[in-house]
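Coordinates as given in protein-v2.cif (mmCIF, C-alpha atoms):
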```cif
data_data
loop_
_atom_site.group_PDB
_atom_site.id
_atom_site.type_symbol
_atom_site.label_atom_id
_atom_site.label_comp_id
_atom_site.auth_asym_id
_atom_site.auth_seq_id
_atom_site.Cartn_x
_atom_site.Cartn_y
_atom_site.Cartn_z
ATOM 1 C CA MET A 1 7.962 11.441 22.467
ATOM 2 C CA LYS A 2 7.330 7.710 22.439
ATOM 3 C CA ALA A 3 8.096 5.685 19.324
ATOM 4 C CA ALA A 4 8.464 2.123 18.074
ATOM 5 C CA VAL A 5 12.158 1.859 17.207
ATOM 6 C CA TYR A 6 14.807 -0.700 16.329
ATOM 7 C CA TYR A 7 18.591 -0.773 16.426
ATOM 8 C CA GLU A 8 19.151 -3.574 13.917
ATOM 9 C CA ASN A 9 17.291 -5.268 11.102
ATOM 10 C CA GLY A 10 15.346 -8.416 11.817
ATOM 11 C CA GLY A 11 11.955 -9.877 12.631
ATOM 12 C CA PRO A 12 9.140 -8.074 14.466
ATOM 13 C CA GLU A 13 10.875 -8.767 17.777
ATOM 14 C CA VAL A 14 13.515 -6.076 17.052
ATOM 15 C CA LEU A 15 10.874 -3.373 17.583
ATOM 16 C CA LYS A 16 11.090 -1.637 20.972
ATOM 17 C CA TYR A 17 8.806 1.009 22.480
ATOM 18 C CA GLU A 18 11.032 3.809 23.770
ATOM 19 C CA GLU A 19 11.372 7.505 24.486
ATOM 20 C CA VAL A 20 13.175 9.369 21.681
ATOM 21 C CA PRO A 21 13.773 13.076 20.965
ATOM 22 C CA ASP A 22 10.941 15.058 19.398
ATOM 23 C CA PRO A 23 11.450 15.770 15.679
ATOM 24 C CA ALA A 24 12.383 19.228 14.442
ATOM 25 C CA CYS A 25 10.165 21.186 12.074
ATOM 26 C CA HIS A 26 11.717 22.060 8.706
ATOM 27 C CA ALA A 27 11.008 25.494 7.205
ATOM 28 C CA LYS A 28 9.135 23.751 4.351
ATOM 29 C CA GLY A 29 7.483 21.156 6.554
ATOM 30 C CA VAL A 30 5.104 20.518 9.412
ATOM 31 C CA ILE A 31 4.949 18.504 12.610
ATOM 32 C CA ILE A 32 1.872 16.368 13.196
ATOM 33 C CA ARG A 33 0.639 14.741 16.355
ATOM 34 C CA VAL A 34 0.085 11.240 15.066
ATOM 35 C CA GLU A 35 -3.394 9.794 15.538
ATOM 36 C CA ALA A 36 -3.061 6.753 13.269
ATOM 37 C CA VAL A 37 -0.259 4.837 11.558
ATOM 38 C CA ALA A 38 -1.148 2.667 8.561
ATOM 39 C CA ILE A 39 1.514 -0.033 8.370
ATOM 40 C CA GLU A 40 2.713 -0.616 4.819
ATOM 41 C CA GLY A 41 4.208 -3.801 3.453
ATOM 42 C CA GLY A 42 7.257 -1.686 2.743
ATOM 43 C CA ASP A 43 7.520 -0.917 6.458
ATOM 44 C CA THR A 44 7.971 -4.598 7.258
ATOM 45 C CA LEU A 45 10.465 -4.987 4.402
ATOM 46 C CA ASN A 46 12.474 -2.012 5.661
ATOM 47 C CA ARG A 47 12.480 -3.417 9.173
ATOM 48 C CA TRP A 48 13.727 -6.701 7.802
ATOM 49 C CA ARG A 49 16.523 -5.480 5.528
ATOM 50 C CA GLY A 50 16.316 -1.724 4.844
ATOM 51 C CA PRO A 51 18.936 0.858 5.821
ATOM 52 C CA LEU A 52 18.738 2.440 9.270
ATOM 53 C CA MET A 53 18.651 6.124 8.354
ATOM 54 C CA THR A 54 18.598 7.043 12.047
ATOM 55 C CA LYS A 55 19.635 5.153 15.164
ATOM 56 C CA PRO A 56 17.456 4.143 16.825
ATOM 57 C CA HIS A 57 15.382 3.989 13.669
ATOM 58 C CA VAL A 58 11.695 4.916 13.452
ATOM 59 C CA VAL A 59 10.282 3.082 10.461
ATOM 60 C CA GLY A 60 7.125 3.881 8.506
ATOM 61 C CA TYR A 61 5.707 5.650 5.454
ATOM 62 C CA GLN A 62 2.133 6.597 6.322
ATOM 63 C CA ALA A 63 0.544 8.389 9.259
ATOM 64 C CA ALA A 64 -2.271 10.862 9.802
ATOM 65 C CA GLY A 65 -3.007 13.329 12.530
ATOM 66 C CA GLU A 66 -3.240 16.960 13.571
ATOM 67 C CA ILE A 67 -0.731 19.614 12.607
ATOM 68 C CA VAL A 68 0.868 21.094 15.737
ATOM 69 C CA GLU A 69 3.653 23.163 14.108
ATOM 70 C CA VAL A 70 4.076 24.748 10.679
ATOM 71 C CA GLY A 71 7.362 25.694 9.041
ATOM 72 C CA SER A 72 8.137 29.339 8.267
ATOM 73 C CA GLU A 73 7.812 28.844 4.493
ATOM 74 C CA VAL A 74 4.522 26.915 4.563
ATOM 75 C CA THR A 75 1.439 28.965 3.707
ATOM 76 C CA HIS A 76 -1.222 26.442 2.642
ATOM 77 C CA LEU A 77 -1.430 24.434 5.876
ATOM 78 C CA CYS A 78 -2.234 25.534 9.416
ATOM 79 C CA VAL A 79 -2.030 24.355 13.014
ATOM 80 C CA GLY A 80 -5.079 22.297 13.972
ATOM 81 C CA GLN A 81 -5.624 20.902 10.470
ATOM 82 C CA LYS A 82 -5.976 17.120 10.068
ATOM 83 C CA VAL A 83 -3.767 15.646 7.333
ATOM 84 C CA ALA A 84 -2.636 12.316 5.923
ATOM 85 C CA THR A 85 1.128 12.193 5.407
ATOM 86 C CA VAL A 86 3.835 10.193 3.661
ATOM 87 C CA ASN A 87 7.590 10.217 4.201
ATOM 88 C CA ASN A 88 10.479 7.791 3.853
ATOM 89 C CA TRP A 89 10.399 6.921 7.564
ATOM 90 C CA GLY A 90 9.138 8.143 10.924
ATOM 91 C CA SER A 91 5.475 7.095 11.034
ATOM 92 C CA HIS A 92 5.719 4.760 14.054
ATOM 93 C CA ALA A 93 5.826 7.601 16.588
ATOM 94 C CA GLU A 94 3.719 10.068 18.554
ATOM 95 C CA LEU A 95 5.050 13.028 16.543
ATOM 96 C CA ARG A 96 6.157 13.211 12.935
ATOM 97 C CA SER A 97 8.064 15.730 10.811
ATOM 98 C CA VAL A 98 7.105 15.723 7.122
ATOM 99 C CA PRO A 99 7.503 18.000 4.099
ATOM 100 C CA ALA A 100 4.374 20.080 3.556
ATOM 101 C CA ARG A 101 4.225 18.733 0.009
ATOM 102 C CA ASN A 102 3.661 15.250 1.472
ATOM 103 C CA CYS A 103 0.494 16.261 3.338
ATOM 104 C CA TRP A 104 -3.099 15.884 2.182
ATOM 105 C CA PRO A 105 -5.955 17.580 4.078
ATOM 106 C CA ILE A 106 -8.567 15.202 5.457
ATOM 107 C CA PRO A 107 -12.184 16.241 4.859
ATOM 108 C CA ASP A 108 -14.051 17.184 8.030
ATOM 109 C CA GLY A 109 -15.579 14.191 9.757
ATOM 110 C CA TYR A 110 -13.677 11.514 7.872
ATOM 111 C CA ASP A 111 -12.066 8.763 9.944
ATOM 112 C CA VAL A 112 -8.397 9.647 10.456
ATOM 113 C CA LYS A 113 -7.452 5.961 10.701
ATOM 114 C CA LYS A 114 -8.858 5.332 7.225
ATOM 115 C CA ALA A 115 -7.294 8.487 5.792
ATOM 116 C CA ALA A 116 -3.897 7.349 7.030
ATOM 117 C CA ALA A 117 -4.092 4.278 4.808
ATOM 118 C CA ILE A 118 -4.938 5.993 1.523
ATOM 119 C CA PRO A 119 -1.934 7.866 0.009
ATOM 120 C CA VAL A 120 0.544 5.044 -0.674
ATOM 121 C CA THR A 121 -1.996 2.213 -0.783
ATOM 122 C CA PHE A 122 -4.622 3.659 -3.096
ATOM 123 C CA GLY A 123 -2.156 5.856 -4.962
ATOM 124 C CA THR A 124 -0.035 2.811 -5.807
ATOM 125 C CA ALA A 125 -3.020 0.720 -6.869
ATOM 126 C CA HIS A 126 -4.276 3.517 -9.100
ATOM 127 C CA ASP A 127 -0.905 3.890 -10.830
ATOM 128 C CA CYS A 128 -0.596 0.123 -11.305
ATOM 129 C CA LEU A 129 -3.955 -0.067 -13.021
ATOM 130 C CA PHE A 130 -4.164 3.132 -15.023
ATOM 131 C CA GLU A 131 -0.856 4.988 -15.371
ATOM 132 C CA PHE A 132 1.282 1.911 -16.073
ATOM 133 C CA GLY A 133 -1.296 -0.852 -16.602
ATOM 134 C CA ARG A 134 -3.274 1.335 -19.051
ATOM 135 C CA LEU A 135 -6.495 -0.398 -18.050
ATOM 136 C CA LYS A 136 -9.389 0.090 -20.467
ATOM 137 C CA LYS A 137 -13.074 -0.491 -19.816
ATOM 138 C CA GLY A 138 -14.069 -4.092 -20.256
ATOM 139 C CA GLU A 139 -10.551 -5.508 -19.786
ATOM 140 C CA THR A 140 -9.799 -8.279 -17.316
ATOM 141 C CA VAL A 141 -7.743 -7.710 -14.141
ATOM 142 C CA LEU A 142 -5.871 -10.032 -11.789
ATOM 143 C CA VAL A 143 -4.753 -8.733 -8.408
ATOM 144 C CA GLN A 144 -2.056 -10.816 -6.718
ATOM 145 C CA ALA A 145 -2.381 -10.676 -2.903
ATOM 146 C CA GLY A 146 -5.913 -9.369 -3.182
ATOM 147 C CA ALA A 147 -6.365 -9.151 0.594
ATOM 148 C CA SER A 148 -3.403 -6.791 1.020
ATOM 149 C CA GLY A 149 -3.882 -3.047 1.338
ATOM 150 C CA VAL A 150 -2.921 -2.446 -2.290
ATOM 151 C CA GLY A 151 -4.994 -5.460 -3.318
ATOM 152 C CA VAL A 152 -8.147 -4.210 -1.608
ATOM 153 C CA ALA A 153 -7.653 -0.804 -3.245
ATOM 154 C CA ALA A 154 -6.925 -2.273 -6.684
ATOM 155 C CA ILE A 155 -10.087 -4.404 -6.704
ATOM 156 C CA GLN A 156 -12.246 -1.378 -5.960
ATOM 157 C CA LEU A 157 -10.478 0.933 -8.389
ATOM 158 C CA ALA A 158 -10.607 -1.664 -11.176
ATOM 159 C CA ARG A 159 -14.347 -2.090 -10.651
ATOM 160 C CA ARG A 160 -14.874 1.669 -10.598
ATOM 161 C CA GLY A 161 -12.734 2.008 -13.713
ATOM 162 C CA GLY A 162 -14.973 -0.299 -15.716
ATOM 163 C CA ALA A 163 -12.950 -3.518 -15.690
ATOM 164 C CA GLY A 164 -14.779 -6.533 -17.024
ATOM 165 C CA LEU A 165 -13.735 -9.592 -15.039
ATOM 166 C CA ILE A 166 -11.783 -9.064 -11.789
ATOM 167 C CA LEU A 167 -9.752 -11.926 -10.314
ATOM 168 C CA ALA A 168 -7.621 -11.949 -7.169
ATOM 169 C CA THR A 169 -5.428 -14.342 -5.229
ATOM 170 C CA ALA A 170 -5.228 -14.972 -1.492
ATOM 171 C CA SER A 171 -4.098 -17.702 0.884
ATOM 172 C CA SER A 172 -7.568 -18.889 1.920
ATOM 173 C CA ASP A 173 -11.113 -19.154 0.619
ATOM 174 C CA GLU A 174 -12.302 -17.157 3.641
ATOM 175 C CA ARG A 175 -10.136 -14.162 2.755
ATOM 176 C CA LEU A 176 -11.248 -14.333 -0.878
ATOM 177 C CA GLU A 177 -14.903 -14.424 0.138
ATOM 178 C CA ARG A 178 -14.488 -11.170 2.068
ATOM 179 C CA LEU A 179 -13.245 -9.454 -1.102
ATOM 180 C CA LYS A 180 -16.396 -10.109 -3.114
ATOM 181 C CA ALA A 181 -18.225 -7.214 -1.477
ATOM 182 C CA LEU A 182 -15.527 -4.905 -2.876
ATOM 183 C CA GLY A 183 -16.010 -5.998 -6.479
ATOM 184 C CA LEU A 184 -14.153 -9.308 -6.829
ATOM 185 C CA ASP A 185 -15.675 -11.719 -9.346
ATOM 186 C CA HIS A 186 -13.530 -14.831 -8.811
ATOM 187 C CA GLY A 187 -10.923 -15.695 -6.210
ATOM 188 C CA ILE A 188 -7.943 -17.998 -6.662
ATOM 189 C CA ASN A 189 -6.560 -19.753 -3.583
ATOM 190 C CA TYR A 190 -2.860 -19.878 -4.420
ATOM 191 C CA THR A 191 -2.182 -22.482 -1.720
ATOM 192 C CA ARG A 192 -4.366 -24.924 -3.620
ATOM 193 C CA ASP A 193 -4.498 -23.896 -7.287
ATOM 194 C CA ASP A 194 -1.956 -22.829 -9.906
ATOM 195 C CA VAL A 195 -2.692 -19.145 -10.486
ATOM 196 C CA ALA A 196 -1.846 -18.995 -14.195
ATOM 197 C CA THR A 197 -3.859 -22.135 -14.963
ATOM 198 C CA GLU A 198 -6.900 -20.846 -13.065
ATOM 199 C CA ALA A 199 -6.635 -17.385 -14.623
ATOM 200 C CA LYS A 200 -6.628 -18.930 -18.088
ATOM 201 C CA ARG A 201 -9.576 -21.174 -17.218
ATOM 202 C CA LEU A 202 -11.630 -18.274 -15.884
ATOM 203 C CA THR A 203 -10.952 -16.191 -19.009
ATOM 204 C CA ASP A 204 -11.773 -18.910 -21.561
ATOM 205 C CA ASN A 205 -8.051 -19.448 -22.088
ATOM 206 C CA LYS A 206 -7.493 -15.837 -23.181
ATOM 207 C CA GLY A 207 -5.512 -14.746 -20.128
ATOM 208 C CA VAL A 208 -5.616 -11.483 -18.194
ATOM 209 C CA ASP A 209 -5.147 -7.987 -19.608
ATOM 210 C CA VAL A 210 -3.758 -6.213 -16.516
ATOM 211 C CA ILE A 211 -2.107 -7.773 -13.460
ATOM 212 C CA VAL A 212 -1.138 -5.996 -10.254
ATOM 213 C CA ASP A 213 1.669 -7.958 -8.571
ATOM 214 C CA SER A 214 2.912 -6.823 -5.170
ATOM 215 C CA VAL A 215 4.416 -10.207 -4.275
ATOM 216 C CA GLY A 216 7.304 -10.678 -6.709
ATOM 217 C CA GLY A 217 9.604 -13.670 -6.370
ATOM 218 C CA PRO A 218 8.366 -16.762 -8.221
ATOM 219 C CA THR A 219 4.846 -15.275 -8.184
ATOM 220 C CA LEU A 220 5.965 -12.764 -10.811
ATOM 221 C CA GLN A 221 6.625 -15.463 -13.398
ATOM 222 C CA GLY A 222 3.164 -16.848 -12.678
ATOM 223 C CA SER A 223 1.737 -13.412 -13.385
ATOM 224 C CA ILE A 224 3.531 -13.256 -16.731
ATOM 225 C CA ASN A 225 2.266 -16.739 -17.603
ATOM 226 C CA ALA A 226 -1.312 -15.616 -16.878
ATOM 227 C CA LEU A 227 -1.222 -12.691 -19.317
ATOM 228 C CA ALA A 228 -3.373 -12.345 -22.394
ATOM 229 C CA TYR A 229 -2.044 -11.165 -25.742
ATOM 230 C CA ARG A 230 -0.610 -7.668 -25.163
ATOM 231 C CA GLY A 231 -1.256 -8.102 -21.438
ATOM 232 C CA ARG A 232 0.545 -5.906 -18.890
ATOM 233 C CA VAL A 233 1.971 -6.657 -15.440
ATOM 234 C CA SER A 234 2.530 -3.831 -12.971
ATOM 235 C CA MET A 235 5.131 -5.138 -10.504
ATOM 236 C CA VAL A 236 4.966 -3.076 -7.355
ATOM 237 C CA GLY A 237 6.622 -4.927 -4.502
ATOM 238 C CA ALA A 238 8.529 -7.851 -3.080
ATOM 239 C CA ALA A 239 6.228 -9.023 -0.314
ATOM 240 C CA GLY A 240 7.354 -12.594 -0.983
ATOM 241 C CA ARG A 241 10.939 -11.592 -0.067
ATOM 242 C CA GLU A 242 12.366 -13.997 -2.650
ATOM 243 C CA PRO A 243 14.592 -13.220 -5.657
ATOM 244 C CA MET A 244 12.761 -12.082 -8.775
ATOM 245 C CA VAL A 245 13.938 -14.366 -11.549
ATOM 246 C CA VAL A 246 11.767 -14.267 -14.667
ATOM 247 C CA ASP A 247 11.997 -15.626 -18.187
ATOM 248 C CA VAL A 248 11.835 -12.427 -20.225
ATOM 249 C CA GLY A 249 11.491 -14.504 -23.355
ATOM 250 C CA SER A 250 8.110 -15.722 -22.119
ATOM 251 C CA MET A 251 6.736 -12.228 -22.765
ATOM 252 C CA MET A 252 7.769 -12.003 -26.403
ATOM 253 C CA GLY A 253 5.363 -14.352 -28.138
ATOM 254 C CA GLY A 254 2.330 -12.533 -26.775
ATOM 255 C CA ASN A 255 3.762 -9.006 -27.010
ATOM 256 C CA ARG A 256 3.371 -8.773 -23.256
ATOM 257 C CA SER A 257 4.935 -6.102 -21.048
ATOM 258 C CA LEU A 258 6.226 -5.764 -17.491
ATOM 259 C CA SER A 259 6.473 -2.408 -15.696
ATOM 260 C CA GLY A 260 8.080 -1.714 -12.363
ATOM 261 C CA VAL A 261 5.982 0.727 -10.326
ATOM 262 C CA PHE A 262 7.250 2.902 -7.465
ATOM 263 C CA LEU A 263 4.887 5.657 -6.374
ATOM 264 C CA GLY A 264 7.640 7.376 -4.397
ATOM 265 C CA ALA A 265 9.523 8.254 -7.587
ATOM 266 C CA GLU A 266 6.687 10.577 -8.643
ATOM 267 C CA ILE A 267 4.962 11.432 -5.374
ATOM 268 C CA GLY A 268 6.254 14.997 -5.586
ATOM 269 C CA THR A 269 4.607 15.593 -8.963
ATOM 270 C CA ASP A 270 1.339 17.440 -9.378
ATOM 271 C CA ARG A 271 -0.159 14.373 -11.050
ATOM 272 C CA VAL A 272 0.342 12.046 -8.098
ATOM 273 C CA HIS A 273 -0.272 14.674 -5.431
ATOM 274 C CA ASP A 274 -3.598 15.700 -6.948
ATOM 275 C CA ASN A 275 -4.623 12.089 -7.556
ATOM 276 C CA ILE A 276 -4.033 11.153 -3.916
ATOM 277 C CA GLN A 277 -6.113 14.114 -2.749
ATOM 278 C CA GLN A 278 -8.918 13.028 -5.066
ATOM 279 C CA LEU A 279 -8.757 9.477 -3.707
ATOM 280 C CA ILE A 280 -9.007 10.781 -0.124
ATOM 281 C CA ASP A 281 -11.942 13.001 -1.061
ATOM 282 C CA ASP A 282 -13.676 10.103 -2.849
ATOM 283 C CA ALA A 283 -13.239 7.844 0.172
ATOM 284 C CA ALA A 284 -14.635 10.542 2.450
ATOM 285 C CA LYS A 285 -17.718 10.694 0.182
ATOM 286 C CA GLY A 286 -18.174 6.938 0.534
ATOM 287 C CA GLU A 287 -17.122 6.106 -3.031
ATOM 288 C CA LEU A 288 -14.170 3.976 -1.875
ATOM 289 C CA GLU A 289 -13.850 1.779 1.200
ATOM 290 C CA VAL A 290 -10.685 1.643 3.279
ATOM 291 C CA VAL A 291 -10.679 -1.761 4.956
ATOM 292 C CA ILE A 292 -9.002 -1.814 8.363
ATOM 293 C CA ASP A 293 -8.523 -5.340 9.610
ATOM 294 C CA LYS A 294 -7.152 -4.660 13.088
ATOM 295 C CA VAL A 295 -5.985 -1.787 15.288
ATOM 296 C CA PHE A 296 -3.028 -2.081 17.681
ATOM 297 C CA LYS A 297 -1.530 0.353 20.157
ATOM 298 C CA LEU A 298 1.752 1.946 19.100
ATOM 299 C CA SER A 299 3.366 0.144 22.021
ATOM 300 C CA GLU A 300 2.270 -3.112 20.364
ATOM 301 C CA ALA A 301 4.075 -2.421 17.074
ATOM 302 C CA ALA A 302 5.976 -5.717 17.262
ATOM 303 C CA ASP A 303 2.714 -7.640 17.572
ATOM 304 C CA ALA A 304 1.201 -5.654 14.705
ATOM 305 C CA HIS A 305 4.128 -6.421 12.393
ATOM 306 C CA ALA A 306 3.948 -10.101 13.345
ATOM 307 C CA TYR A 307 0.225 -10.129 12.594
ATOM 308 C CA ILE A 308 0.801 -8.635 9.138
ATOM 309 C CA GLU A 309 3.445 -11.240 8.384
ATOM 310 C CA SER A 310 1.065 -14.025 9.410
ATOM 311 C CA ARG A 311 -0.930 -13.149 6.256
ATOM 312 C CA ALA A 312 -4.191 -13.308 8.156
ATOM 313 C CA ALA A 313 -5.214 -9.694 7.579
ATOM 314 C CA VAL A 314 -7.642 -8.398 4.973
ATOM 315 C CA GLY A 315 -6.829 -4.743 4.315
ATOM 316 C CA ARG A 316 -4.658 -2.534 6.482
ATOM 317 C CA VAL A 317 -3.355 -2.917 10.025
ATOM 318 C CA VAL A 318 -3.248 0.349 11.988
ATOM 319 C CA LEU A 319 -1.345 1.592 15.030
ATOM 320 C CA VAL A 320 -2.694 4.288 17.351
ATOM 321 C CA PRO A 321 -0.486 6.111 19.901
#
```
Starting from the file, lay out its structure as structure tokens.
Amino acid sequence: MKAAVYYENGGPEVLKYEEVPDPACHAKGVIIRVEAVAIEGGDTLNRWRGPLMTKPHVVGYQAAGEIVEVGSEVTHLCVGQKVATVNNWGSHAELRSVPARNCWPIPDGYDVKKAAAIPVTFGTAHDCLFEFGRLKKGETVLVQAGASGVGVAAIQLARRGGAGLILATASSDERLERLKALGLDHGINYTRDDVATEAKRLTDNKGVDVIVDSVGGPTLQGSINALAYRGRVSMVGAAGREPMVVDVGSMMGGNRSLSGVFLGAEIGTDRVHDNIQQLIDDAAKGELEVVIDKVFKLSEAADAHAYIESRAAVGRVVLVP
């Protein structure tokens, strides 16, 4: 099969398009013929500094496609079925081996490219808001990196969950404007304005109840500074690629809290598995919108990664074999 691989960590230029051996099917897994790869922020981070679990390494969490082989112990999936999948690596390829537990059937007629982008992206956003952020109806929400995949999902899920005021950050007014159709009330251009100061201004100096922060680095302290009394930050990534140094003492006076969120730690549980299936079904019914900014060929994986890192995208970037 063909795959986008790399032999060492580095920038997008380390990605090569090469022939590699087909994956083997585990007794408790399936093989899918990949139709769409949704590139995660974690994919670019792994390419940059993550361990090479194979050599050459095929990076990637999320992909969707058609099952072409089923393991001997799998009874609930069948050849020909379309599924969205998640695994620690291996999405950037024409074929993919995944545990059956990490597959979610795609409703008939739903766009496979959109389905590919749901499990990690929407599942993470949902956990940040509700499982760890404990969002209640009427509370205010701030989404850092609102134009990211998780950001786009979080804005929609917060609106659907009854949030009062929804704020988000992005690097340009144009990107923020595109988010308003998804439920954004006010955008904050972080290249121009101090996020904490603007968040306080827009909430009559009360601060924000729940913050989804996928950026980390110095942005995380800004999130803490923007919190209301008893406000909660769900920290879910390190897209900024800078050290996370925060003043824990700054949380004490307002009884604020900070939770680290990693969907992968619980993705094998019934709670997360069932929630992801519900999110896919809801999207297929038109209740949630998966925003795909741009589609690249699998052979153009290096260009796709470079485009993501340019921070020009709104939503997900997808590869197709």
_Selection result for the PyMOL selection byres ((chain A and resi 69-82) around 12) on this file, as a count of residues only_ = 44
*Nearest candidate to A:Ala168 (options A:Glu19, A:Asp213, A:Glu40, A:Glu131; using all atoms listed in the file)*: A:Asp213
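Between A:Leu263 and the residues A:Lys137, A:Arg49, A:Lys16, A:His126, the shortest atom-to-atom distance, using all atoms listed in the file, involves A:His126.
Distance-wise, atom CA of A:Val261 and atom CA of A:Asp127 end up 7.6 Å apart.
Between atom CA of A:Tyr61 and atom CA of A:Phe262 the separation is 13.3 Å.
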Distance query A:Ile39 at most 9 Å, only C-alpha atoms, self and fewer than 2 positions along chain excluded, as a JSON list (two decimals) with C-alpha atoms, in the coordinates of the input:
```json
[["chain", "number", "residue", "atom", "x", "y", "z"],
["A", 37, "VAL", "CA", -0.26, 4.84, 11.56],
["A", 41, "GLY", "CA", 4.21, -3.80, 3.45],
["A", 42, "GLY", "CA", 7.26, -1.69, 2.74],
["A", 43, "ASP", "CA", 7.52, -0.92, 6.46],
["A", 44, "THR", "CA", 7.97, -4.60, 7.26],
["A", 60, "GLY", "CA", 7.12, 3.88, 8.51],
["A", 61, "TYR", "CA", 5.71, 5.65, 5.45],
["A", 62, "GLN", "CA", 2.13, 6.60, 6.32],
["A", 63, "ALA", "CA", 0.54, 8.39, 9.26],
["A", 91, "SER", "CA", 5.48, 7.10, 11.03],
["A", 92, "HIS", "CA", 5.72, 4.76, 14.05],
["A", 117, "ALA", "CA", -4.09, 4.28, 4.81],
["A", 304, "ALA", "CA", 1.20, -5.65, 14.70],
["A", 305, "HIS", "CA", 4.13, -6.42, 12.39],
["A", 308, "ILE", "CA", 0.80, -8.64, 9.14],
["A", 316, "ARG", "CA", -4.66, -2.53, 6.48],
["A", 317, "VAL", "CA", -3.36, -2.92, 10.02],
["A", 318, "VAL", "CA", -3.25, 0.35, 11.99],
["A", 319, "LEU", "CA", -1.34, 1.59, 15.03]]
```
_When the PyMOL selection byres ((chain A and resi 10) around 8) is applied to the structure above, which residues does it catch, written out as a VMD selection string?_
chain A and resid 8 to 9 11 to 14 47 to 49
Filtering to C-alpha atoms, could you give me those residues as a PDB file, in the coordinates of the input?
```pdb
ATOM      1  CA  GLU A   8      19.151  -3.574  13.917  1.00  0.00           C
ATOM      2  CA  ASN A   9      17.291  -5.268  11.102  1.00  0.00           C
ATOM      3  CA  GLY A  11      11.955  -9.877  12.631  1.00  0.00           C
ATOM      4  CA  PRO A  12       9.140  -8.074  14.466  1.00  0.00           C
ATOM      5  CA  GLU A  13      10.875  -8.767  17.777  1.00  0.00           C
ATOM      6  CA  VAL A  14      13.515  -6.076  17.052  1.00  0.00           C
ATOM      7  CA  ARG A  47      12.480  -3.417   9.173  1.00  0.00           C
ATOM      8  CA  TRP A  48      13.727  -6.701   7.802  1.00  0.00           C
ATOM      9  CA  ARG A  49      16.523  -5.480   5.528  1.00  0.00           C
TER      10      ARG A  49
END
```
Just need the box for stretch 143-158 of chain A, edges along x, y and z, holding every atom the file lists for it with 6 Å tacked onto each side, so centre and edge lengths in Å to one decimal, as JSON.
```
{"center_x": -7.2, "center_y": -4.9, "center_z": -4.9, "size_x": 22.2, "size_y": 23.7, "size_z": 24.5}
```
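Taking all atoms listed in the file into account, A:Ala125 lies nearest to A:Ala153 out of the set A:Ala153, A:Thr169, A:Glu242, A:Tyr229.
Counting only C-alpha atoms and comparing A:Ala196, A:Val86, A:Leu288, A:Leu202, the residue that lies closest to A:Gly264 is A:Val86.
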*asked:* Which residues would end up in the selection if the PyMOL selection byres ((chain A and resi 199) around 12) were applied here, given that I need the answer as number ranges by chain?
replied: A: 140-144, 165-169, 185-190, 193-198, 200-211, 222-228
*asked:* Nearest residue to A:Ala163 out of A:Lys114, A:Arg134, A:Arg271, A:Lys297, using all atoms listed in the file?
replied: A:Arg134
_Distance in Å - atom CA of A:Val150 versus atom CA of A:Gly50_ = 20.5 Å
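If all atoms listed in the file are the atoms counted, then among A:Leu135, A:Val291, A:Leu52, A:Met235 the closest residue to A:Leu157 is A:Leu135.
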*Using only C-alpha atoms, what residues lie at most 8 Å away from (5.1, -5.0, -24.5) (file coordinates), given as a PyMOL selection string?*
chain A and resi 230-232+251-252+255-258
Compile the contact shell of A:Cys128 as a CSV table (one decimal) with C-alpha atoms, in the coordinates of the input: residues with an atom at most 7 Å away, counting only C-alpha atoms, same-chain residues fewer than 5 positions apart removed.
```csv
chain,number,residue,atom,x,y,z
A,133,GLY,CA,-1.3,-0.9,-16.6
A,212,VAL,CA,-1.1,-6.0,-10.3
A,234,SER,CA,2.5,-3.8,-13.0
A,261,VAL,CA,6.0,0.7,-10.3
```
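Close contacts of A:Tyr6, defined as residues with an atom at most 6 Å away when counting only C-alpha atoms, with chain neighbours fewer than 3 positions off set aside, comprise A:Val14, A:Leu15, A:Pro56, A:His57.
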